[in-house]
Amino acid sequence: MDIPGDRRLAAAVVMDEDRRVLLVRRSVKERFLPRVWGVPCGKLEPGERPEDGALRELKEETGLLGEVVRKVGESSFLSEYRGHEIKNWQDNFLVRPLTSAITLPEPDQDSVWLSRAELTTVDVDAYNLDVVQQAFSAT
């Protein structure tokens with residue numbers, strides 16, 4: 001059986017010129033955190049640099065192109081795969097959007113730009129909230 005070890009991930013905290021961040025609501029079809037709001041994030045490809053992974057995930061999940069401003073922090077969490085605990089290590093990047101047209105992969109997804117004060121107006125989990133707060137603290 002193929003059981004993965006530790007996983008490396010990268011997240012893109014997209015912040016516009018008005019200091020609003022982009023949150024995306026995950027599809028109900030997702031196995032992990034369905035319908036939860038968060039930042040574009042995902043697993044790194046073999047040999048992929050975290051900065052490149054964050055920008056790739058941003059493009060895949062929103063259709064946006066971006067530019068990494070800087071790394072703002074790291075996060076980790078445990079998940080389960082086929083009955084085995086997996087440790088996930090995530091690099092978090094502040095990203096400036098280079099395009100503005102958002103295209104979401106699933107029709108039941110949604111996106112919203114929120115100021116720091118508005119973050120609690122959607123169902124964002126504590127983990128994603130911490131990732132976003134890392135970006136606000138770094139600016």
# chains A, B, ... in the order shown; residues from 1 in each chain; ligands from 1
>>> residues_around(residues="region 114-116 of chain A", least_positions_apart="2", cutoff="8 Å", atoms="only C-alpha atoms", output="mmCIF file with N, CA and C atoms, in the first residue's frame")
data_model
loop_
_atom_site.group_PDB
_atom_site.id
_atom_site.type_symbol
_atom_site.label_atom_id
_atom_site.label_comp_id
_atom_site.auth_asym_id
_atom_site.auth_seq_id
_atom_site.Cartn_x
_atom_site.Cartn_y
_atom_site.Cartn_z
ATOM 1 N N ARG A 19 -5.685 46.336 0.854
ATOM 2 C CA ARG A 19 -5.396 45.457 1.997
ATOM 3 C C ARG A 19 -6.553 44.505 2.316
ATOM 4 N N ARG A 20 -7.213 44.071 1.262
ATOM 5 C CA ARG A 20 -8.227 43.020 1.393
ATOM 6 C C ARG A 20 -7.600 41.711 0.923
ATOM 7 N N VAL A 21 -7.998 40.608 1.560
ATOM 8 C CA VAL A 21 -7.491 39.298 1.160
ATOM 9 C C VAL A 21 -8.584 38.511 0.452
ATOM 10 N N LEU A 22 -8.145 37.644 -0.427
ATOM 11 C CA LEU A 22 -9.059 36.787 -1.179
ATOM 12 C C LEU A 22 -9.259 35.475 -0.438
ATOM 13 N N LEU A 23 -10.525 35.155 -0.150
ATOM 14 C CA LEU A 23 -10.867 33.847 0.399
ATOM 15 C C LEU A 23 -11.743 33.118 -0.607
ATOM 16 N N VAL A 112 -14.482 35.807 -2.171
ATOM 17 C CA VAL A 112 -14.794 37.105 -1.590
ATOM 18 C C VAL A 112 -13.493 37.797 -1.193
ATOM 19 N N GLU A 118 -13.324 42.193 8.464
ATOM 20 C CA GLU A 118 -14.439 41.422 7.903
ATOM 21 C C GLU A 118 -14.205 39.912 7.894
ATOM 22 N N LEU A 119 -13.050 39.458 8.317
ATOM 23 C CA LEU A 119 -12.703 38.038 8.196
ATOM 24 C C LEU A 119 -13.688 37.104 8.890
ATOM 25 N N PHE A 136 -1.209 39.617 7.312
ATOM 26 C CA PHE A 136 -1.479 40.964 7.815
ATOM 27 C C PHE A 136 -0.368 41.441 8.752
#
>>> closest_atom_pairs(of="region 52-111 of chain A", to="region 38-48 of chain A", cutoff="10 Å", atoms="only C-alpha atoms", output="CSV")
residue,atom,partner,partner_atom,distance
A:Asp52,CA,A:Glu48,CA,6.6
A:Gly53,CA,A:Leu44,CA,5.5
A:Ala54,CA,A:Cys41,CA,6.5
A:Leu55,CA,A:Pro40,CA,9.0
A:Arg56,CA,A:Gly42,CA,9.0
A:Glu57,CA,A:Cys41,CA,5.8
A:Leu58,CA,A:Pro40,CA,5.4
A:Lys59,CA,A:Pro40,CA,8.8
A:Glu60,CA,A:Pro40,CA,8.7
A:Glu61,CA,A:Pro40,CA,6.3
A:Thr62,CA,A:Pro40,CA,7.7
A:Asn88,CA,A:Lys43,CA,9.0
A:Trp89,CA,A:Lys43,CA,9.5
A:Gln90,CA,A:Lys43,CA,8.6
A:Asp91,CA,A:Cys41,CA,9.5
A:Asn92,CA,A:Cys41,CA,8.8
A:Ser111,CA,A:Gly38,CA,9.4
>>> select_by_dssp(residues="chain A", states="strand (DSSP E or B)", output="PyMOL selection string")
chain A and resi 7-15+21-25+37-38+41-43+66-81+84-97+110-114+124
>>> atom_distance(atom1="CA of Pro50 (chain A)", atom2="CA of Ala135 (chain A)")
16.0 Å
>>> closest_residue(among="A:Asp6, A:Glu30, A:Glu17, A:Asp130", to="Leu78 (chain A)", atoms="only C-alpha atoms")
A:Asp6
>>> closest_residue(among="A:Trp113, A:Ala126, A:Val13, A:Lys29", to="Phe77 (chain A)", atoms="only C-alpha atoms")
A:Ala126
>>> closest_residue(among="A:Asn128, A:Leu9, A:Leu94, A:Gln133", to="Arg49 (chain A)", atoms="only C-alpha atoms")
A:Leu9
>>> closest_residue(among="A:Pro97, A:Tyr81, A:Glu106, A:Val28", to="Leu65 (chain A)", atoms="only C-alpha atoms")
A:Pro97
>>> atom_distance(atom1="CA of Gly66 (chain A)", atom2="CA of Ser137 (chain A)")
20.0 Å
>>> select_by_dssp(residues="region 36-116 of chain A", states="alpha helix (DSSP H)", output="list in words")
Pro50, Glu51, Asp52, Gly53, Ala54, Leu55, Arg56, Glu57, Leu58, Lys59, Glu60, Glu61 and Thr62 of chain A
>>> write_last_selection(atoms="C-alpha atoms", output="mmCIF file, in the first residue's frame")
data_model
loop_
_atom_site.group_PDB
_atom_site.id
_atom_site.type_symbol
_atom_site.label_atom_id
_atom_site.label_comp_id
_atom_site.auth_asym_id
_atom_site.auth_seq_id
_atom_site.Cartn_x
_atom_site.Cartn_y
_atom_site.Cartn_z
ATOM 1 C CA PRO A 50 7.217 26.489 -2.429
ATOM 2 C CA GLU A 51 6.914 29.942 -4.062
ATOM 3 C CA ASP A 52 6.141 28.328 -7.419
ATOM 4 C CA GLY A 53 3.674 25.930 -5.799
ATOM 5 C CA ALA A 54 1.774 28.791 -4.170
ATOM 6 C CA LEU A 55 1.439 30.573 -7.532
ATOM 7 C CA ARG A 56 0.435 27.342 -9.314
ATOM 8 C CA GLU A 57 -2.253 26.614 -6.720
ATOM 9 C CA LEU A 58 -3.504 30.206 -7.013
ATOM 10 C CA LYS A 59 -3.860 29.778 -10.797
ATOM 11 C CA GLU A 60 -5.514 26.342 -10.489
ATOM 12 C CA GLU A 61 -7.967 27.380 -7.771
ATOM 13 C CA THR A 62 -8.884 30.908 -8.914
#
>>> closest_residue(among="A:Val24, A:Val69, A:Val36, A:Leu64", to="Thr139 (chain A)", atoms="only C-alpha atoms")
A:Val69
